[in-house]
Amino acid sequence: MRKYPKKNALLFKKEGRYRGITYKELAEKVRLFASGLKALNVQRGDRIALLSENRVEWIICDLAMLHIGAVCVAMFPSYTVEQIRYIVTDSGSEIMIVSGQTQLEKALHMKESVPTLRTITMDCFPDPKKDVLTFERLLELGKENPISEIELNKLGEMVKDNDLVTIIYTSGTTGEPKGVMLSHKNFVSNIEAALEVIPYKTGEVILSVLPLNHVLPRMADYYTSITKGCCIALAESYATVRENALEVRPHYVTLVPRFFEAMREKLLKALDKEPARKKALVKTALEVGRKRCELLQARKGLPISLLVKWWLYDKLVLSKIRASLGMDRLKNFISGGAPLPRANALFFASLGLIILEGYGLTETSPVTNVNSPRRFKFGTVGPPLRNVQLRIADDGEILVKAPSVMLGYYKKEEETRKAIDEEGWFHTGDIGEIDEDGYLKITDRKKDIIVLASGKKVAPQPIENALQESPYISSAVLFGDKRTTITALIVPNLENVKTWAKLHNVHLEFSNLEALGENEKLRELIRSEIERLTVRLADFEKIHRFTLVMNEFCVESGEVTPTMKVRRKVVQEKYKDIIDKMYS
């Protein structure tokens, strides 16, 4: 606030247009909310649960907690009452801050388990009988019981390196959630090292799309941005990313691989509708962009002829495509949370939009590796940050030692000892390899490795990612542990299947999904795609049988985590009969 009082700290959508909040205005709101929390007798170390989608109030609440030494227990808005009850009771939260009516109703359910729980709502009316206060009432309490800026700074100075910032409960692909304890030192060390690789500049706009409850956007979009005096533009939703980008023209956007897949599909569909001449021009431009990127990635010089072609096609074609996406100022996309298919990385790089893929976990605050704008390598998550040590264990597991590694799992000492060994190495649970340039490649999750009855080992993730490069396959999950062969559940991309059916005059009954899943024409299409995309695999790795699942795996049914990682064990249990049938 002292450095950039008049610069916009936040942009948020209201009444159809983006409005700004300056650093000075944000700091004043934080001071008042912190004063309100102190008036409620919140002490250093107290846990406060935060259940809300991304919004200005989320950031004000979090920063207020940071200043007075309270601990933010952030949760995904999609969490069920049962999940929230577990986290609230396990963390010992005595205050819960929620957004709208839906989240308020969840909070009121907590009264049975935590009768003393006080609730603060960002939108709804107060209810004194149910001990509900409004966000505005907290600001009023702050005005009535003000903490001066000097006093607030003194409270901040009392916060120590190893004091908690947050407890983030990992959604986990197996087992019950574990509360990851992250300190001020964890985040600060990660921010400083990450900024050496991706140098945000004061005044640049960061479009924040992913939920701030998740550690990656919280660090990369939010904490890092305010450290450098950037402006965080809050996207309205996943569905409005393009519209919001056109309005704010961001310099950086952090996304998960699913977004890039969907964006690529839309661009290619739009291209198919263009006249043949324009379509050919765009394809040529993309081919020039691809050649340029491959040489840049290999760190080879670009021939003059290619530089001239790139300049020409970029000016006439590619720059216009970027502008149509609202990405004309974009320096880089950042990708994390799951493996990024190489085909998607290369496609966007051909457009002049480099995706910097990184790696990390909630337990590492989160970034351990990331590709840099000048030295990127597709198919890898880049070299480690300056203050991160990496080691590959004998069984292929990635081990990490860094100041950003968590303090431990809340109230789970045995789990903590399993995760962090006596020498301080954190066991990630991921399998990987380090190439000759020091770049890390993730091959799979340790727990996901399939061991066939023959003893042969199959890493399912690379095969699943390859299958998802098909326009007709939305998701794929492989099975075969202790079995003789590999089988798969395949979720078709119905929208693209409809287009294919029209082009080939194939009649498919989309109103009856059960019958559609058994349709031999559709099965032939998917079978040919599986064979095309797995042709280089060893025979024992190939998919011998598959079943079509006509509904997407979703968070609500527990089949995927909020960060879109498949919970293989949940899917296996839910579809046990179908999987068994493939082996009968």
# chains A, B, ... in the order shown; residues from 1 in each chain; ligands from 1

$ residues_around --residues "Gln468 in chain A" --least-positions-apart "3" --cutoff "10 Å" --atoms "only C-alpha atoms" --output "list in words"
Arg258, Glu261, Pro341, Pro462, Ile463, Glu464, Asn465, Pro471, Tyr472, Ile473, Ser474, Ser475, Ala476, Ile490, Val491, Pro492, Asn493, Glu529, Ile530 and Leu533 of chain A

$ residues_around --residues "Lys13 in chain A" --least-positions-apart "6" --cutoff "12 Å" --atoms "only C-alpha atoms" --output "list of chain:residue names"
A:Arg19, A:Gly20, A:Ile21, A:Asn54, A:Arg55, A:Val56, A:Ile232, A:Ala233, A:Leu234, A:Ala235, A:Glu236, A:Ser237, A:Thr240, A:Glu243, A:Asn244, A:Glu247, A:Val248

$ write_last_selection --atoms "C-alpha atoms" --output "mmCIF file, in the first residue's frame"
data_model
loop_
_atom_site.group_PDB
_atom_site.id
_atom_site.type_symbol
_atom_site.label_atom_id
_atom_site.label_comp_id
_atom_site.auth_asym_id
_atom_site.auth_seq_id
_atom_site.Cartn_x
_atom_site.Cartn_y
_atom_site.Cartn_z
ATOM 1 C CA ARG A 19 -14.381 -2.060 -11.289
ATOM 2 C CA GLY A 20 -11.123 -1.504 -9.453
ATOM 3 C CA ILE A 21 -9.984 -1.386 -5.822
ATOM 4 C CA ASN A 54 -13.211 -16.217 -5.521
ATOM 5 C CA ARG A 55 -14.245 -12.671 -4.664
ATOM 6 C CA VAL A 56 -12.886 -9.462 -3.160
ATOM 7 C CA ILE A 232 -5.536 -9.343 -9.714
ATOM 8 C CA ALA A 233 -8.556 -9.486 -12.041
ATOM 9 C CA LEU A 234 -11.091 -11.974 -10.683
ATOM 10 C CA ALA A 235 -12.730 -14.064 -13.407
ATOM 11 C CA GLU A 236 -16.486 -14.505 -12.956
ATOM 12 C CA SER A 237 -16.432 -18.246 -13.643
ATOM 13 C CA THR A 240 -16.437 -16.617 -18.838
ATOM 14 C CA GLU A 243 -15.046 -12.825 -22.111
ATOM 15 C CA ASN A 244 -13.194 -11.663 -18.982
ATOM 16 C CA GLU A 247 -12.145 -7.086 -20.857
ATOM 17 C CA VAL A 248 -8.936 -7.035 -18.771
#

$ residues_around --residues "Ile95 in chain A" --least-positions-apart "5" --cutoff "8 Å" --atoms "only C-alpha atoms" --output "ChimeraX atom specification"
/A:47-49,117-120

$ write_last_selection --atoms "N, CA and C atoms" --output "tab-separated table (two decimals), in the first residue's frame"
chain	number	residue	atom	x	y	z
A	47	ARG	N	-8.11	-20.57	14.48
A	47	ARG	CA	-8.46	-21.00	13.13
A	47	ARG	C	-9.81	-20.44	12.71
A	48	ILE	N	-9.87	-19.95	11.48
A	48	ILE	CA	-11.11	-19.42	10.92
A	48	ILE	C	-11.36	-20.12	9.58
A	49	ALA	N	-12.52	-20.77	9.47
A	49	ALA	CA	-12.86	-21.47	8.23
A	49	ALA	C	-13.41	-20.48	7.21
A	117	LEU	N	-19.94	-22.36	17.12
A	117	LEU	CA	-19.45	-21.80	15.86
A	117	LEU	C	-20.18	-20.51	15.51
A	118	ARG	N	-19.40	-19.46	15.27
A	118	ARG	CA	-19.98	-18.17	14.84
A	118	ARG	C	-19.82	-18.08	13.32
A	119	THR	N	-20.83	-17.52	12.66
A	119	THR	CA	-20.83	-17.46	11.20
A	119	THR	C	-20.86	-16.01	10.73
A	120	ILE	N	-20.02	-15.72	9.73
A	120	ILE	CA	-20.01	-14.41	9.07
A	120	ILE	C	-20.37	-14.65	7.61

$ select_by_dssp --residues "range 104-310 of chain A" --states "strand (DSSP E)" --output "ChimeraX atom specification"
/A:118-121,132-134,164-170,178-183,205-208,231-234,252-255

$ select_by_dssp --residues "range 401-498 of chain A" --states "helix (DSSP H, G or I)" --output "number ranges by chain"
A: 413-419, 446-448, 460-467, 494-498

$ residues_around --residues "Val81 in chain A" --least-positions-apart "6" --cutoff "9 Å" --atoms "only C-alpha atoms" --output "tab-separated table (two decimals) with C-alpha atoms, in the first residue's frame"
chain	number	residue	atom	x	y	z
A	106	LYS	CA	-24.02	-25.53	5.00
A	107	ALA	CA	-22.54	-23.46	7.83
A	109	HIS	CA	-25.68	-27.39	9.62
A	110	MET	CA	-22.42	-27.20	11.58

$ closest_residue --among "A:Leu37, A:Gly69, A:Arg17, A:Thr368" --to "Ile97 in chain A" --atoms "only C-alpha atoms"
A:Leu37

$ atom_distance --atom1 "CA of Glu415 in chain A" --atom2 "CA of Thr170 in chain A"
13.0 Å

$ residues_around --residues "Lys160 in chain A" --least-positions-apart "5" --cutoff "9 Å" --atoms "only C-alpha atoms" --output "list in words"
Gly69, Ser183, His184 and Lys185 of chain A

$ closest_residue --among "A:Pro177, A:Gly360, A:Pro257, A:Gly289" --to "Leu210 in chain A" --atoms "only C-alpha atoms"
A:Pro257

$ atom_distance --atom1 "CA of Ala280 in chain A" --atom2 "CA of Ala298 in chain A"
27.2 Å

$ residues_around --residues "Arg44 in chain A" --least-positions-apart "6" --cutoff "9 Å" --atoms "only C-alpha atoms" --output "VMD selection string"
chain A and resid 65 68 to 71 159
